[in-house]
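Peer 1: So that you have it, the file is target17.txt, and it contains compact mmCIF, C-alpha atoms and all ligand atoms:
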```txt
# COMPACT_ATOMS: atom_id res chain seq x y z
CA MET D 1342 132.19 159.68 117.55
CA ILE D 1343 133.70 163.15 117.73
CA VAL D 1344 134.52 164.29 121.27
CA LEU D 1345 134.58 168.09 121.65
CA LYS D 1346 136.87 169.53 124.33
CA THR D 1347 136.05 172.10 126.97
CA GLU D 1348 138.16 175.21 127.42
CA ARG D 1349 139.73 173.61 130.51
CA GLU D 1350 140.66 170.48 128.56
CA LEU D 1351 142.06 172.62 125.75
CA ALA D 1352 144.32 174.33 128.28
CA VAL D 1353 145.79 170.97 129.34
CA MET D 1354 146.20 169.89 125.72
CA GLU D 1355 147.92 173.17 124.88
CA GLU D 1356 150.32 172.76 127.80
CA ASN D 1357 151.16 169.26 126.53
CA ALA D 1358 151.48 170.51 122.96
CA HIS D 1359 153.99 173.18 123.99
CA ILE D 1360 156.10 170.59 125.80
CA LEU D 1361 156.00 168.43 122.68
CA ARG D 1362 156.94 171.34 120.44
CA ASP D 1363 159.93 172.15 122.62
CA ILE D 1364 161.15 168.53 122.52
CA LEU D 1365 160.78 168.39 118.72
CA VAL D 1366 162.69 171.66 118.34
CA GLU D 1367 165.47 170.33 120.58
CA LEU D 1368 165.62 167.09 118.56
CA SER D 1369 165.78 169.14 115.35
CA PHE D 1370 168.81 170.99 116.65
CA ARG D 1371 170.44 167.77 117.81
CA ALA D 1372 169.94 166.13 114.39
CA GLN D 1373 173.31 166.81 112.77
CA ALA D 1374 175.57 164.86 110.41
CA GLY D 1375 177.26 162.06 112.37
CA VAL D 1376 174.45 161.72 114.93
CA THR D 1377 172.44 158.47 114.93
CA THR D 1378 168.67 158.29 115.10
CA GLY D 1379 169.22 156.01 118.11
CA GLU D 1380 170.72 158.98 119.97
CA LEU D 1381 167.66 161.05 119.12
CA GLU D 1382 165.45 158.25 120.44
CA ARG D 1383 167.22 158.27 123.80
CA LEU D 1384 166.99 162.05 124.08
CA ALA D 1385 163.27 161.93 123.25
CA GLU D 1386 162.70 159.17 125.79
CA ARG D 1387 164.47 161.18 128.51
CA ARG D 1388 162.54 164.37 127.75
CA ILE D 1389 159.19 162.53 127.81
CA ARG D 1390 160.06 161.02 131.19
CA GLU D 1391 161.17 164.40 132.58
CA ALA D 1392 157.83 165.90 131.51
CA GLY D 1393 156.01 163.29 133.58
CA ALA D 1394 154.54 161.87 130.38
CA LYS D 1395 154.33 158.42 128.84
CA SER D 1396 155.15 157.58 125.22
CA ALA D 1397 152.18 157.28 122.89
CA PHE D 1398 154.06 155.26 120.29
CA LYS D 1399 156.19 152.69 122.12
CA GLY D 1400 154.27 149.42 122.17
CA TYR D 1401 151.56 150.81 119.89
CA THR D 1402 149.69 148.34 117.67
CA ASP D 1403 146.64 148.60 115.43
CA GLU D 1404 144.85 146.52 112.82
CA LEU D 1405 147.46 147.42 110.18
CA HIS D 1406 150.49 146.92 112.44
CA ARG D 1407 150.36 143.85 114.63
CA ARG D 1408 153.97 144.15 115.79
CA PRO D 1409 154.28 146.70 118.62
CA PHE D 1410 156.18 149.84 117.60
CA PRO D 1411 159.52 149.56 119.44
CA SER D 1412 160.39 153.24 120.02
CA VAL D 1413 159.07 156.51 121.43
CA LEU D 1414 160.22 158.41 118.32
CA CYS D 1415 159.58 157.88 114.62
CA ALA D 1416 162.70 158.96 112.71
CA SER D 1417 162.18 158.66 108.96
CA VAL D 1418 165.08 159.49 106.64
CA ASN D 1419 164.84 160.43 102.94
CA GLU D 1420 162.56 157.90 101.15
CA GLU D 1421 161.17 156.76 104.50
CA VAL D 1422 157.81 158.51 104.81
CA VAL D 1423 156.67 157.66 108.33
CA HIS D 1424 157.30 155.20 111.18
CA GLY D 1425 161.05 154.93 110.70
CA ILE D 1426 162.49 153.01 113.66
CA PRO D 1427 165.43 154.79 115.34
CA SER D 1428 168.68 152.85 115.37
CA ASP D 1429 172.29 153.25 116.46
CA GLU D 1430 173.19 151.98 112.98
CA ARG D 1431 171.44 154.85 111.24
CA VAL D 1432 173.97 157.67 111.04
CA LEU D 1433 172.61 160.94 109.69
CA ARG D 1434 174.57 162.39 106.79
CA GLU D 1435 174.83 165.82 105.23
CA GLY D 1436 171.96 166.26 102.77
CA ASP D 1437 169.57 163.82 104.47
CA VAL D 1438 165.95 164.79 105.00
CA LEU D 1439 164.76 163.72 108.45
CA SER D 1440 161.16 163.54 109.66
CA LEU D 1441 160.64 163.35 113.42
CA ASP D 1442 157.23 162.29 114.74
CA LEU D 1443 156.66 162.15 118.49
CA GLY D 1444 153.68 161.55 120.76
CA PHE D 1445 152.96 161.18 124.46
CA VAL D 1446 150.15 161.13 126.98
CA ARG D 1447 150.22 163.41 130.01
CA LYS D 1448 147.51 164.42 132.48
CA GLY D 1449 145.12 162.13 130.62
CA PHE D 1450 145.54 163.79 127.21
CA TYR D 1451 147.58 162.86 124.16
CA ALA D 1452 149.92 165.08 122.17
CA ASP D 1453 151.22 164.18 118.70
CA ALA D 1454 153.23 166.25 116.23
CA ALA D 1455 155.93 166.05 113.55
CA ILE D 1456 158.58 168.15 111.84
CA THR D 1457 160.89 167.56 108.89
CA VAL D 1458 164.36 169.13 108.83
CA GLY D 1459 167.34 168.98 106.51
CA ILE D 1460 170.69 167.73 107.80
CA GLY D 1461 173.15 170.46 106.89
CA GLU D 1462 172.74 171.60 103.30
CA VAL D 1463 170.05 169.69 101.44
CA SER D 1464 169.13 169.76 97.75
CA GLU D 1465 167.01 172.57 96.35
CA GLU D 1466 164.40 169.94 95.56
CA ALA D 1467 164.26 168.86 99.21
CA GLU D 1468 164.02 172.47 100.40
CA ARG D 1469 161.19 173.06 97.97
CA MET D 1470 159.25 169.96 98.99
CA MET D 1471 159.55 170.89 102.66
CA ALA D 1472 158.34 174.43 101.92
CA VAL D 1473 155.37 173.12 99.92
CA ALA D 1474 154.33 170.78 102.76
CA ARG D 1475 154.55 173.61 105.29
CA ASP D 1476 152.52 175.84 102.98
CA ALA D 1477 149.90 173.08 102.61
CA LEU D 1478 149.71 172.76 106.40
CA LYS D 1479 149.39 176.50 106.86
CA ARG D 1480 146.61 176.78 104.30
CA ALA D 1481 144.81 173.77 105.77
CA VAL D 1482 144.90 175.26 109.27
CA GLY D 1483 143.16 178.34 107.87
CA PHE D 1484 140.12 176.17 107.15
CA ALA D 1485 139.86 174.86 110.73
CA THR D 1486 137.08 177.30 111.59
CA ILE D 1487 133.55 176.94 112.89
CA GLY D 1488 131.07 176.14 110.12
CA ARG D 1489 133.59 174.79 107.62
CA ARG D 1490 133.44 171.15 106.52
CA LEU D 1491 136.19 168.73 107.44
CA SER D 1492 137.18 168.01 103.85
CA ASP D 1493 137.84 171.71 103.22
CA ILE D 1494 141.01 171.01 105.20
CA SER D 1495 141.79 167.89 103.15
CA HIS D 1496 141.23 169.73 99.90
CA ALA D 1497 143.47 172.62 100.92
CA ILE D 1498 146.31 170.16 101.50
CA GLU D 1499 145.92 168.21 98.29
CA SER D 1500 145.40 171.22 96.04
CA THR D 1501 148.45 173.02 97.44
CA VAL D 1502 150.63 169.96 97.00
CA ARG D 1503 149.36 169.07 93.54
CA GLU D 1504 149.74 172.64 92.25
CA ALA D 1505 153.40 172.41 93.24
CA GLY D 1506 153.81 169.18 91.27
CA TYR D 1507 154.00 166.80 94.24
CA TYR D 1508 151.73 164.12 95.65
CA VAL D 1509 150.13 163.48 99.03
CA VAL D 1510 150.33 160.21 100.92
CA LYS D 1511 146.93 158.54 101.00
CA GLU D 1512 147.61 155.56 103.27
CA TYR D 1513 148.04 157.62 106.44
CA THR D 1514 145.88 160.46 107.67
CA GLY D 1515 145.47 163.11 110.28
CA HIS D 1516 143.04 162.49 113.12
CA GLY D 1517 141.16 163.79 116.11
CA ILE D 1518 143.11 163.70 119.36
CA GLY D 1519 142.27 163.94 123.04
CA ARG D 1520 141.96 161.22 125.66
CA GLU D 1521 142.84 158.86 122.78
CA LEU D 1522 145.77 159.20 120.39
CA HIS D 1523 143.58 158.59 117.35
CA GLU D 1524 140.04 159.89 117.72
CA ASP D 1525 137.39 160.68 115.14
CA PRO D 1526 137.40 162.24 112.66
CA ARG D 1527 140.04 160.97 110.25
CA VAL D 1528 141.55 163.94 108.46
CA LEU D 1529 142.43 162.89 104.92
CA ASN D 1530 145.15 164.72 103.03
CA PHE D 1531 143.09 164.66 99.83
CA GLY D 1532 139.56 164.92 98.50
CA PRO D 1533 136.95 167.37 97.26
CA PRO D 1534 135.93 170.30 99.51
CA GLY D 1535 132.60 170.66 101.30
CA LYS D 1536 132.23 167.10 102.62
CA GLY D 1537 132.23 165.50 106.04
CA PRO D 1538 131.21 166.86 109.42
CA VAL D 1539 130.72 170.57 110.04
CA LEU D 1540 133.52 171.87 112.28
CA ARG D 1541 132.48 172.95 115.75
CA ALA D 1542 134.18 174.70 118.65
CA GLY D 1543 136.17 172.28 120.80
CA LEU D 1544 137.24 169.98 117.97
CA VAL D 1545 140.95 169.16 118.19
CA ILE D 1546 142.65 167.56 115.21
CA CYS D 1547 146.14 166.66 114.09
CA ILE D 1548 146.62 168.03 110.58
CA GLU D 1549 149.56 166.22 109.01
CA PRO D 1550 150.41 166.55 105.34
CA MET D 1551 152.82 163.91 104.07
CA VAL D 1552 154.30 164.85 100.70
CA LYS D 1553 156.34 162.86 98.16
CA GLY D 1554 157.45 162.93 94.56
CA ASP D 1555 155.57 159.95 93.14
CA ASP D 1556 151.94 158.86 93.00
CA GLU D 1557 152.56 155.17 93.77
CA PRO D 1558 151.32 153.30 96.84
CA LEU D 1559 153.81 153.17 99.71
CA VAL D 1560 155.79 150.05 100.56
CA VAL D 1561 156.15 148.84 104.16
CA ARG D 1562 159.53 147.31 104.96
CA ASP D 1563 160.05 143.92 106.60
CA ASP D 1564 160.30 145.56 110.02
CA GLY D 1565 156.51 145.85 109.75
CA TRP D 1566 156.47 149.62 110.23
CA THR D 1567 158.76 151.73 108.06
CA ALA D 1568 156.73 153.06 105.13
CA VAL D 1569 158.83 154.10 102.14
CA THR D 1570 158.10 155.59 98.73
CA ARG D 1571 158.05 153.07 95.91
CA SER D 1572 160.18 155.18 93.58
CA GLY D 1573 162.72 156.13 96.25
CA SER D 1574 161.59 159.76 96.16
CA ILE D 1575 162.19 161.65 99.37
CA ALA D 1576 159.14 162.40 101.50
CA VAL D 1577 158.40 165.05 104.12
CA HIS D 1578 155.90 165.27 106.97
CA TYR D 1579 154.66 168.08 109.22
CA GLU D 1580 152.01 167.74 111.89
CA GLU D 1581 150.42 170.28 114.22
CA MET D 1582 147.60 169.97 116.74
CA VAL D 1583 144.83 172.44 115.94
CA ALA D 1584 141.74 173.39 117.96
CA VAL D 1585 138.64 174.92 116.40
CA THR D 1586 137.59 177.86 118.59
CA PRO D 1587 135.22 180.84 118.37
CA GLU D 1588 138.33 182.99 117.84
CA GLY D 1589 139.43 180.85 114.89
CA PRO D 1590 141.99 178.06 114.55
CA ARG D 1591 144.27 177.73 117.57
CA VAL D 1592 147.50 175.89 116.78
CA LEU D 1593 148.10 174.20 120.13
CA THR D 1594 151.61 173.15 119.11
CA GLY D 1595 152.31 176.76 118.15
CA TRP D 1596 153.95 176.25 114.73
CA ILE D 1597 156.93 174.01 115.40
CA TRP D 1598 158.90 174.94 112.29
CA GLU D 1599 158.61 178.66 113.03
CA GLU D 1600 159.77 178.05 116.58
CA PHE D 1601 162.74 176.06 115.25
CA CYS D 1602 163.66 178.91 112.88
CA ARG D 1603 163.20 181.53 115.58
CA ARG D 1604 165.56 179.75 117.94
CA ARG D 1605 168.01 178.98 115.15
CA THR D 1606 168.26 182.70 114.42
CA LEU D 1607 168.67 183.47 118.11
CA SER D 1608 171.47 180.93 118.51
CA ALA D 1609 173.15 182.26 115.35
CA CYS D 1610 173.04 185.72 116.96
CA GLU D 1611 174.49 184.38 120.18
CA VAL D 1612 177.43 182.82 118.34
CA ARG D 1613 178.29 186.21 116.84
MG MG U 1701 149.41 161.93 114.11
```
Taking this structure as input, can you express it in the form of structure tokens?

Peer 2:
Amino acid sequence: MIVLKTERELAVMEENAHILRDILVELSFRAQAGVTTGELERLAERRIREAGAKSAFKGYTDELHRRPFPSVLCASVNEEVVHGIPSDERVLREGDVLSLDLGFVRKGFYADAAITVGIGEVSEEAERMMAVARDALKRAVGFATIGRRLSDISHAIESTVREAGYYVVKEYTGHGIGRELHEDPRVLNFGPPGKGPVLRAGLVICIEPMVKGDDEPLVVRDDGWTAVTRSGSIAVHYEEMVAVTPEGPRVLTGWIWEEFCRRRTLSACEVR
């Protein structure tokens, strides 16, 4: 069942989404060579607490994952696609590709978003894959308008990624979000256009392309959570919360990557 949100509920969700964006941007800055993903976990935990929020991920289980997720943050490095478990043993190195996925509940509403960043200089291939995933997300958001069909979004993601020579992850999907972390509808990252429910004002969805270099099923490690590519290809993941409104798509999280770049430029200016 799809639950549409009122303008007042959207305002709360947007407030939450901005808090989440700011935490993800801060984590992205903190993620440098020599830093462990365990340190990022502790920073994320502190920021969630300071916001008066509660983690959406820590202790989470579902029918696929019977072991509770042990952390507030998913930190997935290189061939890890999603659900990487932060650890003091995992030291980030120059050239790594790091995906950060974070979620919390505050004032009765969930927020959930993700960003992928390079650690220092990364390969041209990694830069390109990240750019393609961001482009897929941007194009998909453009279809989050009243009267479109849900799978127009899915198709925009898959076609953008495939035209660039990459593949989408099929095992995990985007989703509705609100008083639950995962609400209807599921937002696939693939499929033909023109299918599924007609989009209406008040729908809020997480659109989250996950992109990789092979077309094989993912493998889940023995920890029960960390999903990795079968070939060892790197993978990238971006996720924004998007509301369908009469004025068009409203990105509640406010484009996390752009915010990261904006602040990076500002801090570069400040150094000079
Ligand atoms: Mg999500």

Peer 1: May I ask you to write as a list in words all residues lying at most 9 Å from ligand MG 1701 (chain U), with only C-alpha atoms and all ligand atoms counted?

Peer 2: Asp1442, Leu1443, Gly1444, Ala1452, Asp1453, Ala1454, Ala1455, Tyr1513, Thr1514, Gly1515, His1516, Gly1517, Ile1518, Leu1522, His1523, Ile1546, Cys1547, Ile1548, Glu1549, Glu1580, Glu1581 and Met1582 of chain D

Peer 1: For Gly1573 (chain D), list every protein, DNA or RNA residue within 12 Å, evaluated using all atoms listed in the file, and leave out those in the same chain fewer than 4 positions away; present the list as a list in words.

Peer 2: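 Those residues are Val1418, Asn1419, Glu1420, Glu1421, Val1422, Lys1553, Gly1554, Asp1555, Asp1556, Glu1557, Pro1558, Leu1559, Val1560, Ala1568 and Val1569 of chain D.
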
Peer 1: Mind checking which residues fall within 8 Å of region 1352-1362 of chain D, counting only C-alpha atoms, ignoring those fewer than 3 positions away in the same chain, and posting them as a ChimeraX atom specification?

Peer 2: /D:1348-1349,1365-1366,1392,1443-1444,1447-1448,1450-1454,1519,1582,1593-1595,1597

Peer 1: Residues at most 8 Å from region 1583-1588 of chain D, counting all atoms listed in the file, excluding those fewer than 6 positions away in the same chain, as number ranges by chain?

Peer 2: D: 1351, 1482, 1485-1487, 1540-1548, 1594

Peer 1: Name all residues at most 12 Å from Tyr1508 (chain D) (count all atoms listed in the file; drop same-chain ones fewer than 5 positions away) and give them as a PDB file with C-alpha atoms, in the frame of the given file.

Peer 2:
```pdb
ATOM      1  CA  MET D1470     159.250 169.960  98.990  1.00  0.00           C
ATOM      2  CA  VAL D1473     155.370 173.120  99.920  1.00  0.00           C
ATOM      3  CA  ALA D1474     154.330 170.780 102.760  1.00  0.00           C
ATOM      4  CA  ALA D1477     149.900 173.080 102.610  1.00  0.00           C
ATOM      5  CA  ILE D1498     146.310 170.160 101.500  1.00  0.00           C
ATOM      6  CA  GLU D1499     145.920 168.210  98.290  1.00  0.00           C
ATOM      7  CA  SER D1500     145.400 171.220  96.040  1.00  0.00           C
ATOM      8  CA  THR D1501     148.450 173.020  97.440  1.00  0.00           C
ATOM      9  CA  VAL D1502     150.630 169.960  97.000  1.00  0.00           C
ATOM     10  CA  ARG D1503     149.360 169.070  93.540  1.00  0.00           C
ATOM     11  CA  ASN D1530     145.150 164.720 103.030  1.00  0.00           C
ATOM     12  CA  PHE D1531     143.090 164.660  99.830  1.00  0.00           C
ATOM     13  CA  PRO D1550     150.410 166.550 105.340  1.00  0.00           C
ATOM     14  CA  MET D1551     152.820 163.910 104.070  1.00  0.00           C
ATOM     15  CA  VAL D1552     154.300 164.850 100.700  1.00  0.00           C
ATOM     16  CA  LYS D1553     156.340 162.860  98.160  1.00  0.00           C
ATOM     17  CA  GLY D1554     157.450 162.930  94.560  1.00  0.00           C
ATOM     18  CA  ASP D1555     155.570 159.950  93.140  1.00  0.00           C
ATOM     19  CA  ASP D1556     151.940 158.860  93.000  1.00  0.00           C
ATOM     20  CA  GLU D1557     152.560 155.170  93.770  1.00  0.00           C
ATOM     21  CA  PRO D1558     151.320 153.300  96.840  1.00  0.00           C
ATOM     22  CA  LEU D1559     153.810 153.170  99.710  1.00  0.00           C
ATOM     23  CA  THR D1570     158.100 155.590  98.730  1.00  0.00           C
ATOM     24  CA  SER D1574     161.590 159.760  96.160  1.00  0.00           C
ATOM     25  CA  ILE D1575     162.190 161.650  99.370  1.00  0.00           C
ATOM     26  CA  ALA D1576     159.140 162.400 101.500  1.00  0.00           C
ATOM     27  CA  VAL D1577     158.400 165.050 104.120  1.00  0.00           C
TER      28      VAL D1577
END
```

Peer 1: For CA of Gly1425 (chain D) and CA of Ser1440 (chain D), quote the distance in Å rounded to one decimal.

Peer 2: 8.7 Å

Peer 1: With distances taken over only C-alpha atoms, which of D:Leu1439, D:Leu1381, D:Val1463, D:Cys1602 is nearest to Leu1414 (chain D)?

Peer 2: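 Comparing D:Leu1439, D:Leu1381, D:Val1463, D:Cys1602 against Leu1414 (chain D), the winner is D:Leu1381.
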
Peer 1: Considering all atoms listed in the file, return as number ranges by chain whatever protein or nucleic-acid residues lie within 12 Å of Gly1436 (chain D), sequence-local ones (same chain, fewer than 5 positions apart) excluded.

Peer 2: D: 1372-1375, 1418-1419, 1458-1468, 1575

Peer 1: Could you check how far CA of Pro1411 (chain D) sits from CA of Thr1457 (chain D), in Å to one decimal?

Peer 2: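 If I compute the distance from CA of Pro1411 (chain D) to CA of Thr1457 (chain D), I get 20.9 Å.
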
Peer 1: Can you measure CA of Ser1492 (chain D) to CA of Pro1533 (chain D) for me? One decimal in Å is fine.

Peer 2: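 CA of Ser1492 (chain D) sits 6.6 Å away from CA of Pro1533 (chain D).
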
Peer 1: Compare D:Val1446, D:Arg1371, D:Val1423, D:Arg1605 by their minimum atom-to-atom distance to Ala1394 (chain D), counting all atoms listed in the file, and give me the closest one.

Peer 2: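 With all atoms listed in the file as the atom set, the closest residue is D:Val1446.
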